[in-house]
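Here is upload03.cif, consisting of mmCIF, C-alpha atoms:
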```cif
data_run
#
loop_
_atom_site.label_atom_id
_atom_site.label_comp_id
_atom_site.auth_asym_id
_atom_site.auth_seq_id
_atom_site.Cartn_x
_atom_site.Cartn_y
_atom_site.Cartn_z
CA GLU A 29 46.28 105.15 86.75
CA ASP A 30 47.23 101.94 88.55
CA GLN A 31 44.11 100.00 89.49
CA VAL A 32 42.97 96.62 90.80
CA THR A 33 39.41 95.34 90.44
CA GLN A 34 38.10 92.12 91.95
CA SER A 35 34.96 90.26 90.94
CA PRO A 36 32.53 89.19 92.07
CA GLU A 37 32.16 91.23 95.28
CA ALA A 38 30.47 88.28 96.96
CA LEU A 39 30.16 84.60 96.06
CA ARG A 40 28.07 81.90 97.65
CA LEU A 41 28.93 78.27 96.92
CA GLN A 42 27.71 74.91 98.09
CA GLU A 43 30.34 72.70 99.66
CA GLY A 44 32.19 70.93 96.85
CA GLU A 45 31.13 73.43 94.17
CA SER A 46 34.33 74.66 92.49
CA SER A 47 34.62 78.23 91.21
CA SER A 48 37.03 81.04 90.39
CA LEU A 49 37.63 84.56 91.70
CA ASN A 50 38.90 87.24 89.33
CA CYS A 51 41.43 90.03 89.83
CA SER A 52 41.88 92.46 86.92
CA TYR A 53 44.67 94.98 87.01
CA THR A 54 46.17 97.90 85.13
CA VAL A 55 49.62 98.91 86.28
CA SER A 56 52.52 100.69 84.68
CA GLY A 57 55.07 98.15 85.83
CA LEU A 58 54.09 94.90 87.55
CA ARG A 59 56.49 93.80 90.23
CA GLY A 60 54.27 91.03 91.52
CA LEU A 61 50.66 90.02 92.12
CA PHE A 62 49.67 88.84 95.58
CA TRP A 63 46.71 86.91 96.95
CA TYR A 64 45.62 87.09 100.59
CA ARG A 65 42.91 85.50 102.68
CA GLN A 66 41.25 87.57 105.42
CA ASP A 67 38.95 86.20 108.11
CA PRO A 68 36.57 88.60 109.91
CA GLY A 69 38.35 90.74 112.51
CA LYS A 70 41.80 89.44 111.58
CA GLY A 71 44.75 90.59 109.49
CA PRO A 72 45.18 89.31 105.93
CA GLU A 73 47.06 86.04 105.57
CA PHE A 74 49.52 85.83 102.67
CA LEU A 75 48.73 83.05 100.16
CA PHE A 76 50.64 83.48 96.87
CA THR A 77 52.95 85.66 94.84
CA LEU A 78 52.87 85.55 91.03
CA TYR A 79 55.51 87.39 89.04
CA SER A 80 54.93 86.77 85.35
CA ALA A 81 52.21 85.80 82.90
CA GLY A 82 51.72 82.05 82.69
CA GLU A 83 52.84 81.43 86.24
CA GLU A 84 50.71 79.21 88.50
CA LYS A 85 50.88 78.47 92.23
CA GLU A 86 48.94 75.89 94.25
CA LYS A 87 48.22 75.43 97.92
CA GLU A 88 45.76 72.77 99.08
CA SER A 89 42.43 73.52 97.34
CA LEU A 90 43.61 76.89 95.95
CA LYS A 91 45.33 77.56 92.63
CA ALA A 92 46.35 81.00 91.43
CA THR A 93 47.10 81.86 87.80
CA LEU A 94 48.33 85.03 86.11
CA THR A 95 47.93 86.60 82.67
CA LYS A 96 49.05 90.04 81.48
CA LYS A 97 45.71 91.58 82.48
CA GLU A 98 44.26 89.45 85.25
CA SER A 99 44.69 86.74 87.82
CA PHE A 100 42.34 83.97 88.85
CA LEU A 101 42.08 82.21 92.18
CA HIS A 102 40.54 78.80 91.54
CA ILE A 103 38.91 77.06 94.50
CA THR A 104 38.44 73.31 94.05
CA ALA A 105 35.83 71.45 96.10
CA PRO A 106 35.55 74.20 98.74
CA LYS A 107 34.64 73.50 102.34
CA PRO A 108 32.87 75.80 104.82
CA GLU A 109 36.24 76.63 106.38
CA ASP A 110 37.29 78.22 103.07
CA SER A 111 34.76 80.98 103.75
CA ALA A 112 36.65 84.28 103.98
CA THR A 113 37.41 87.46 102.07
CA TYR A 114 40.08 86.99 99.41
CA LEU A 115 42.18 90.03 98.58
CA CYS A 116 44.29 90.64 95.51
CA ALA A 117 47.11 93.21 95.39
CA VAL A 118 49.66 94.30 92.82
CA GLY A 119 53.13 95.62 93.52
CA THR A 120 54.27 98.40 91.23
CA SER A 121 57.86 98.76 90.12
CA ASN A 122 57.71 102.58 90.05
CA THR A 123 56.49 103.18 93.63
CA GLY A 124 56.98 99.80 95.29
CA LYS A 125 53.64 100.18 97.06
CA LEU A 126 50.93 97.54 96.92
CA ILE A 127 47.56 98.43 95.43
CA PHE A 128 44.76 96.34 96.89
CA GLY A 129 41.46 95.36 95.34
CA GLN A 130 38.23 95.57 97.33
CA GLY A 131 38.14 91.82 97.87
CA THR A 132 35.73 88.96 97.16
CA THR A 133 33.78 87.61 100.13
CA LEU A 134 33.29 83.88 99.75
CA GLN A 135 30.69 81.94 101.68
CA VAL A 136 30.66 78.15 101.41
CA LYS A 137 27.55 76.44 102.72
CA PRO A 138 27.56 72.83 103.96
CA ASP B 20 57.88 82.06 115.91
CA GLY B 21 58.49 84.91 113.51
CA GLY B 22 55.70 87.36 112.97
CA ILE B 23 54.11 90.72 113.55
CA THR B 24 52.42 91.74 116.77
CA GLN B 25 50.02 94.61 117.26
CA SER B 26 48.70 95.81 120.55
CA PRO B 27 46.18 96.26 121.89
CA LYS B 28 43.57 94.30 119.95
CA TYR B 29 40.82 96.74 120.94
CA LEU B 30 41.30 100.39 121.91
CA PHE B 31 38.77 102.95 123.07
CA ARG B 32 39.44 106.67 123.27
CA LYS B 33 37.55 109.88 123.78
CA GLU B 34 37.43 112.43 120.99
CA GLY B 35 40.28 114.94 121.20
CA GLN B 36 42.82 112.48 122.61
CA ASN B 37 45.89 111.26 120.79
CA VAL B 38 46.45 107.51 120.81
CA THR B 39 49.44 105.38 119.81
CA LEU B 40 49.14 101.93 118.23
CA SER B 41 52.01 99.52 118.62
CA CYS B 42 53.54 97.35 115.88
CA GLU B 43 56.53 95.05 116.34
CA GLN B 44 58.06 92.54 113.90
CA ASN B 45 60.77 89.92 114.31
CA LEU B 46 60.96 88.93 110.64
CA ASN B 47 64.06 91.07 110.07
CA HIS B 48 62.14 93.00 107.39
CA ASP B 49 63.36 96.40 106.27
CA ALA B 50 59.99 97.83 105.20
CA MET B 51 56.96 98.41 107.39
CA TYR B 52 53.51 99.80 106.66
CA TRP B 53 50.32 101.05 108.28
CA TYR B 54 46.94 100.57 106.66
CA ARG B 55 43.44 101.52 107.61
CA GLN B 56 40.51 99.26 106.72
CA ASP B 57 36.91 100.49 106.69
CA PRO B 58 33.88 98.47 105.60
CA GLY B 59 33.48 98.59 101.82
CA GLN B 60 36.66 100.64 101.30
CA GLY B 61 39.42 98.07 101.24
CA LEU B 62 42.92 98.71 102.55
CA ARG B 63 44.25 102.26 102.44
CA LEU B 64 47.91 103.08 103.05
CA ILE B 65 48.62 105.59 105.82
CA TYR B 66 52.43 105.60 106.15
CA TYR B 67 55.30 103.35 105.16
CA SER B 68 58.97 103.06 105.99
CA GLN B 69 61.72 101.52 103.88
CA ILE B 70 64.45 101.71 106.50
CA VAL B 71 65.09 102.94 110.02
CA ASN B 72 64.73 106.70 110.53
CA ASP B 73 62.94 107.11 107.20
CA PHE B 74 59.23 107.08 106.41
CA GLN B 75 56.89 108.33 103.71
CA LYS B 76 53.27 109.45 103.63
CA GLY B 77 50.80 107.10 102.05
CA ASP B 78 47.46 107.95 100.54
CA ILE B 79 45.68 109.07 103.74
CA ALA B 80 48.40 110.42 106.09
CA GLU B 81 46.53 113.48 107.37
CA GLY B 82 45.89 113.26 111.10
CA TYR B 83 48.45 110.48 111.65
CA SER B 84 52.14 110.39 112.60
CA VAL B 85 54.76 107.64 112.80
CA SER B 86 58.33 107.02 113.89
CA ARG B 87 60.88 104.36 112.95
CA GLU B 88 63.67 104.44 115.51
CA LYS B 89 64.23 100.69 115.46
CA LYS B 90 64.03 98.17 112.64
CA GLU B 91 61.57 96.06 114.62
CA SER B 92 59.12 98.79 115.61
CA PHE B 93 56.83 101.17 113.72
CA PRO B 94 54.29 102.85 116.06
CA LEU B 95 51.39 104.86 114.68
CA THR B 96 49.90 107.85 116.49
CA VAL B 97 46.34 108.80 115.67
CA THR B 98 46.06 112.48 116.53
CA SER B 99 43.04 114.56 117.43
CA ALA B 100 43.30 116.09 113.94
CA GLN B 101 42.10 112.85 112.33
CA LYS B 102 38.43 113.49 111.61
CA ASN B 103 37.20 109.88 111.47
CA PRO B 104 39.62 107.79 113.51
CA THR B 105 37.30 104.87 114.27
CA ALA B 106 38.57 102.01 112.08
CA PHE B 107 40.50 98.74 111.92
CA TYR B 108 44.25 99.43 111.73
CA LEU B 109 46.66 96.95 110.20
CA CYS B 110 50.44 96.91 110.35
CA ALA B 111 52.50 94.99 107.80
CA SER B 112 56.13 94.35 106.92
CA SER B 113 58.08 93.12 103.91
CA ARG B 114 61.71 92.50 102.93
CA GLY B 115 61.49 95.56 100.70
CA LEU B 116 59.10 97.75 98.76
CA GLY B 117 57.02 95.84 96.21
CA TYR B 118 57.48 92.44 97.84
CA GLU B 119 54.80 90.40 99.58
CA GLN B 120 53.67 91.96 102.83
CA TYR B 121 52.91 90.09 106.03
CA PHE B 122 50.23 91.50 108.28
CA GLY B 123 49.67 91.69 111.99
CA PRO B 124 46.37 90.79 113.68
CA GLY B 125 45.12 94.40 113.67
CA THR B 126 43.92 96.92 116.23
CA ARG B 127 40.29 98.04 116.27
CA LEU B 128 40.14 101.66 117.44
CA THR B 129 36.88 103.21 118.57
CA VAL B 130 36.73 106.93 119.29
CA THR B 131 33.60 108.38 120.89
#
```
Can I see the file as structure tokens?
Amino acid sequence: EDQVTQSPEALRLQEGESSSLNCSYTVSGLRGLFWYRQDPGKGPEFLFTLYSAGEEKEKESLKATLTKKESFLHITAPKPEDSATYLCAVGTSNTGKLIFGQGTTLQVKP
Amino acid sequence: DGGITQSPKYLFRKEGQNVTLSCEQNLNHDAMYWYRQDPGQGLRLIYYSQIVNDFQKGDIAEGYSVSREKKESFPLTVTSAQKNPTAFYLCASSRGLGYEQYFGPGTRLTVT
């Protein structure tokens, strides 16, 4: 069964304290892995697409990496404005639908 | 600006009434989707459409209906048959199935 699991569920960091969020997946055919940021009461905002193991993408303080089993979202020197829920999703080649993880809620304290 | 619009932002209805949520996109995307988000449950797919005049049930389609008469529009009707309609509803679009999806701002529906 296709599945996406994110950990931890919640993460509290001090401003400037770097960390990583994990997204583990099992899927019959990976079409792509997607990261989103969601602020409370708003729609998810697209961040990255990763297609193959070894691929990396960067945007400001965020860096996403991909292996055959998992993806990491590395947050370098986070600021309070980085506080949000980060969602991971995988696209399957057999159905084309996206399977979303439950998300990691990040809180960065000043 | 290209994007997805959903209206209204907040919607209140009495139990037993049907209600239609609007979703419009000007990204020229072929595929459109409706999700429901409840606290602690993540995003669940209600319906999706690959092209105009075609749509498929997602994982939780019971009590919902959709239409896709225009490429830009994908309205969702929440019928009185939906047992727990109170939720945050999100519309999304993509250039095709399996590609990155772009989301609208969402509609929060409250049924009492």
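Using only C-alpha atoms, the smallest distance between any of A:Glu29, A:Asp110, A:Glu37, A:Glu45 and chain B comes from A:Glu37.
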### Query
Counting only C-alpha atoms, which of B:Phe74, B:Pro27, B:Gln56, B:Gly61 gets nearest to Thr133 of chain A?
B:Gly61
### Task
Tell me, as a ChimeraX atom specification, which residues lie within 12 Å of Ala105 of chain A, counting all atoms listed in the file; anything in the same chain fewer than 4 positions away does not count.
/A:41-48,88-91,109-110,136-138
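Among the candidates B:Phe31, B:Tyr54, B:Tyr108, B:Phe122, the residue lying nearest to Ile127 of chain A is B:Tyr54 (atoms considered: all atoms listed in the file).
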#### Entry: Explicit residues for the PyMOL selection byres ((chain B) within 10 of (chain A)) (as a PyMOL selection string)
chain B and resi 28+52+58-64+67+69+77+107-111+115-127
Just C-alpha atoms for this one: save the residues we selected as a PDB file, in the coordinates of the input.
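Produced file result_16.pdb, reproduced below:
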```pdb
ATOM      1  CA  LYS B  28      43.570  94.300 119.950  1.00  0.00           C
ATOM      2  CA  TYR B  52      53.510  99.800 106.660  1.00  0.00           C
ATOM      3  CA  PRO B  58      33.880  98.470 105.600  1.00  0.00           C
ATOM      4  CA  GLY B  59      33.480  98.590 101.820  1.00  0.00           C
ATOM      5  CA  GLN B  60      36.660 100.640 101.300  1.00  0.00           C
ATOM      6  CA  GLY B  61      39.420  98.070 101.240  1.00  0.00           C
ATOM      7  CA  LEU B  62      42.920  98.710 102.550  1.00  0.00           C
ATOM      8  CA  ARG B  63      44.250 102.260 102.440  1.00  0.00           C
ATOM      9  CA  LEU B  64      47.910 103.080 103.050  1.00  0.00           C
ATOM     10  CA  TYR B  67      55.300 103.350 105.160  1.00  0.00           C
ATOM     11  CA  GLN B  69      61.720 101.520 103.880  1.00  0.00           C
ATOM     12  CA  GLY B  77      50.800 107.100 102.050  1.00  0.00           C
ATOM     13  CA  PHE B 107      40.500  98.740 111.920  1.00  0.00           C
ATOM     14  CA  TYR B 108      44.250  99.430 111.730  1.00  0.00           C
ATOM     15  CA  LEU B 109      46.660  96.950 110.200  1.00  0.00           C
ATOM     16  CA  CYS B 110      50.440  96.910 110.350  1.00  0.00           C
ATOM     17  CA  ALA B 111      52.500  94.990 107.800  1.00  0.00           C
ATOM     18  CA  GLY B 115      61.490  95.560 100.700  1.00  0.00           C
ATOM     19  CA  LEU B 116      59.100  97.750  98.760  1.00  0.00           C
ATOM     20  CA  GLY B 117      57.020  95.840  96.210  1.00  0.00           C
ATOM     21  CA  TYR B 118      57.480  92.440  97.840  1.00  0.00           C
ATOM     22  CA  GLU B 119      54.800  90.400  99.580  1.00  0.00           C
ATOM     23  CA  GLN B 120      53.670  91.960 102.830  1.00  0.00           C
ATOM     24  CA  TYR B 121      52.910  90.090 106.030  1.00  0.00           C
ATOM     25  CA  PHE B 122      50.230  91.500 108.280  1.00  0.00           C
ATOM     26  CA  GLY B 123      49.670  91.690 111.990  1.00  0.00           C
ATOM     27  CA  PRO B 124      46.370  90.790 113.680  1.00  0.00           C
ATOM     28  CA  GLY B 125      45.120  94.400 113.670  1.00  0.00           C
ATOM     29  CA  THR B 126      43.920  96.920 116.230  1.00  0.00           C
ATOM     30  CA  ARG B 127      40.290  98.040 116.270  1.00  0.00           C
TER      31      ARG B 127
END
```
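Compared by their closest atoms to Lys76 of chain B, and using only C-alpha atoms, the residues B:Trp53, B:Asn45, B:Asn103, B:Gln36 rank with B:Trp53 nearest.
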### Query
Hey, which of A:Ala92, A:Val55, A:Ala38, A:Leu49 ends up closest to Leu134 of chain A? Count all atoms listed in the file.
A:Ala38
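From atom CA of Pro104 of chain B back to atom CA of His48 of chain B, the distance works out to 27.6 Å.
Point (45.1, 108.0, 118.5) has the following residues at most 10 Å away: Leu30, Phe31, Arg32, Lys33, Glu34, Gly35, Gln36, Asn37, Val38, Thr39, Leu40, Gly82, Tyr83, Ser84, Leu95, Thr96, Val97, Thr98, Ser99, Ala100, Gln101, Pro104, Thr105, Leu128, Thr129 and Val130 of chain B (atoms considered: only C-alpha atoms).
Put simply, atom CA of Ala80 of chain B is 29.4 Å away from atom CA of Leu78 of chain A.
When atom CA of Lys90 of chain B is paired with atom CA of Ile70 of chain B, their separation reads 7.1 Å.
Every protein or nucleic acid residue with an atom no more than 9 Å from Gln44 of chain B, counting all atoms listed in the file and leaving out same-chain residues fewer than 3 positions away, appears here: Gly21, Gly22, Ile23, Thr24, Gln25, Asn47, His48, Met51, Lys90, Glu91, Ser92, Phe93, Ala111, Ser112 and Gly123 of chain B.
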Keeping C-alpha atoms for every residue in the selection just given, could you write it to a file as a PDB file, in the coordinates of the input?
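Generated file (result-v9.pdb):
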```pdb
ATOM      1  CA  GLY B  21      58.490  84.910 113.510  1.00  0.00           C
ATOM      2  CA  GLY B  22      55.700  87.360 112.970  1.00  0.00           C
ATOM      3  CA  ILE B  23      54.110  90.720 113.550  1.00  0.00           C
ATOM      4  CA  THR B  24      52.420  91.740 116.770  1.00  0.00           C
ATOM      5  CA  GLN B  25      50.020  94.610 117.260  1.00  0.00           C
ATOM      6  CA  ASN B  47      64.060  91.070 110.070  1.00  0.00           C
ATOM      7  CA  HIS B  48      62.140  93.000 107.390  1.00  0.00           C
ATOM      8  CA  MET B  51      56.960  98.410 107.390  1.00  0.00           C
ATOM      9  CA  LYS B  90      64.030  98.170 112.640  1.00  0.00           C
ATOM     10  CA  GLU B  91      61.570  96.060 114.620  1.00  0.00           C
ATOM     11  CA  SER B  92      59.120  98.790 115.610  1.00  0.00           C
ATOM     12  CA  PHE B  93      56.830 101.170 113.720  1.00  0.00           C
ATOM     13  CA  ALA B 111      52.500  94.990 107.800  1.00  0.00           C
ATOM     14  CA  SER B 112      56.130  94.350 106.920  1.00  0.00           C
ATOM     15  CA  GLY B 123      49.670  91.690 111.990  1.00  0.00           C
TER      16      GLY B 123
END
```
### Message
Given the PyMOL selection byres ((chain A and resi 95) around 8) and the file above, list the residues it selects as a PyMOL selection string.
### Response
chain A and resi 80-83+93-94+96-99
When you get a chance, write out N, CA and C atoms for segment 79-104 of chain A, as a tab-separated table (two decimals), keeping the file's coordinate frame.
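Printed below is part.tsv as written:
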```
chain	number	residue	atom	x	y	z
A	79	TYR	N	54.64	86.34	89.59
A	79	TYR	CA	55.51	87.39	89.04
A	79	TYR	C	55.33	87.63	87.55
A	80	SER	N	54.98	86.58	86.79
A	80	SER	CA	54.93	86.77	85.35
A	80	SER	C	53.78	85.97	84.74
A	81	ALA	N	53.32	86.44	83.60
A	81	ALA	CA	52.21	85.80	82.90
A	81	ALA	C	52.53	84.33	82.63
A	82	GLY	N	51.54	83.48	82.89
A	82	GLY	CA	51.72	82.05	82.69
A	82	GLY	C	52.09	81.30	83.97
A	83	GLU	N	52.44	82.06	84.99
A	83	GLU	CA	52.84	81.43	86.24
A	83	GLU	C	51.62	80.92	87.00
A	84	GLU	N	51.78	79.78	87.69
A	84	GLU	CA	50.71	79.21	88.50
A	84	GLU	C	51.29	78.79	89.85
A	85	LYS	N	50.48	78.92	90.90
A	85	LYS	CA	50.88	78.47	92.23
A	85	LYS	C	49.70	77.73	92.84
A	86	GLU	N	49.99	76.68	93.61
A	86	GLU	CA	48.94	75.89	94.25
A	86	GLU	C	49.21	75.72	95.73
A	87	LYS	N	48.12	75.70	96.49
A	87	LYS	CA	48.22	75.43	97.92
A	87	LYS	C	46.91	74.80	98.35
A	88	GLU	N	46.95	73.54	98.66
A	88	GLU	CA	45.76	72.77	99.08
A	88	GLU	C	44.68	72.91	97.99
A	89	SER	N	43.52	73.45	98.31
A	89	SER	CA	42.43	73.52	97.34
A	89	SER	C	42.47	74.79	96.50
A	90	LEU	N	43.51	75.61	96.66
A	90	LEU	CA	43.61	76.89	95.95
A	90	LEU	C	44.68	76.83	94.87
A	91	LYS	N	44.36	77.45	93.73
A	91	LYS	CA	45.33	77.56	92.63
A	91	LYS	C	45.21	78.96	92.04
A	92	ALA	N	46.34	79.65	91.97
A	92	ALA	CA	46.35	81.00	91.43
A	92	ALA	C	47.07	81.00	90.08
A	93	THR	N	46.50	81.73	89.12
A	93	THR	CA	47.10	81.86	87.80
A	93	THR	C	47.20	83.33	87.44
A	94	LEU	N	48.09	83.64	86.48
A	94	LEU	CA	48.33	85.03	86.11
A	94	LEU	C	48.45	85.17	84.60
A	95	THR	N	47.73	86.19	84.05
A	95	THR	CA	47.93	86.60	82.67
A	95	THR	C	48.42	88.05	82.69
A	96	LYS	N	48.55	88.66	81.52
A	96	LYS	CA	49.05	90.04	81.48
A	96	LYS	C	48.03	91.05	81.98
A	97	LYS	N	46.76	90.64	82.08
A	97	LYS	CA	45.71	91.58	82.48
A	97	LYS	C	44.98	91.19	83.74
A	98	GLU	N	45.07	89.89	84.12
A	98	GLU	CA	44.26	89.45	85.25
A	98	GLU	C	44.85	88.20	85.91
A	99	SER	N	44.33	87.94	87.10
A	99	SER	CA	44.69	86.74	87.82
A	99	SER	C	43.41	86.05	88.28
A	100	PHE	N	43.47	84.74	88.35
A	100	PHE	CA	42.34	83.97	88.85
A	100	PHE	C	42.78	83.17	90.07
A	101	LEU	N	41.88	83.09	91.04
A	101	LEU	CA	42.08	82.21	92.18
A	101	LEU	C	41.02	81.12	92.07
A	102	HIS	N	41.45	79.92	91.73
A	102	HIS	CA	40.54	78.80	91.54
A	102	HIS	C	40.42	78.05	92.87
A	103	ILE	N	39.17	77.79	93.26
A	103	ILE	CA	38.91	77.06	94.50
A	103	ILE	C	38.24	75.74	94.13
A	104	THR	N	38.93	74.65	94.42
A	104	THR	CA	38.44	73.31	94.05
A	104	THR	C	37.80	72.65	95.26
```
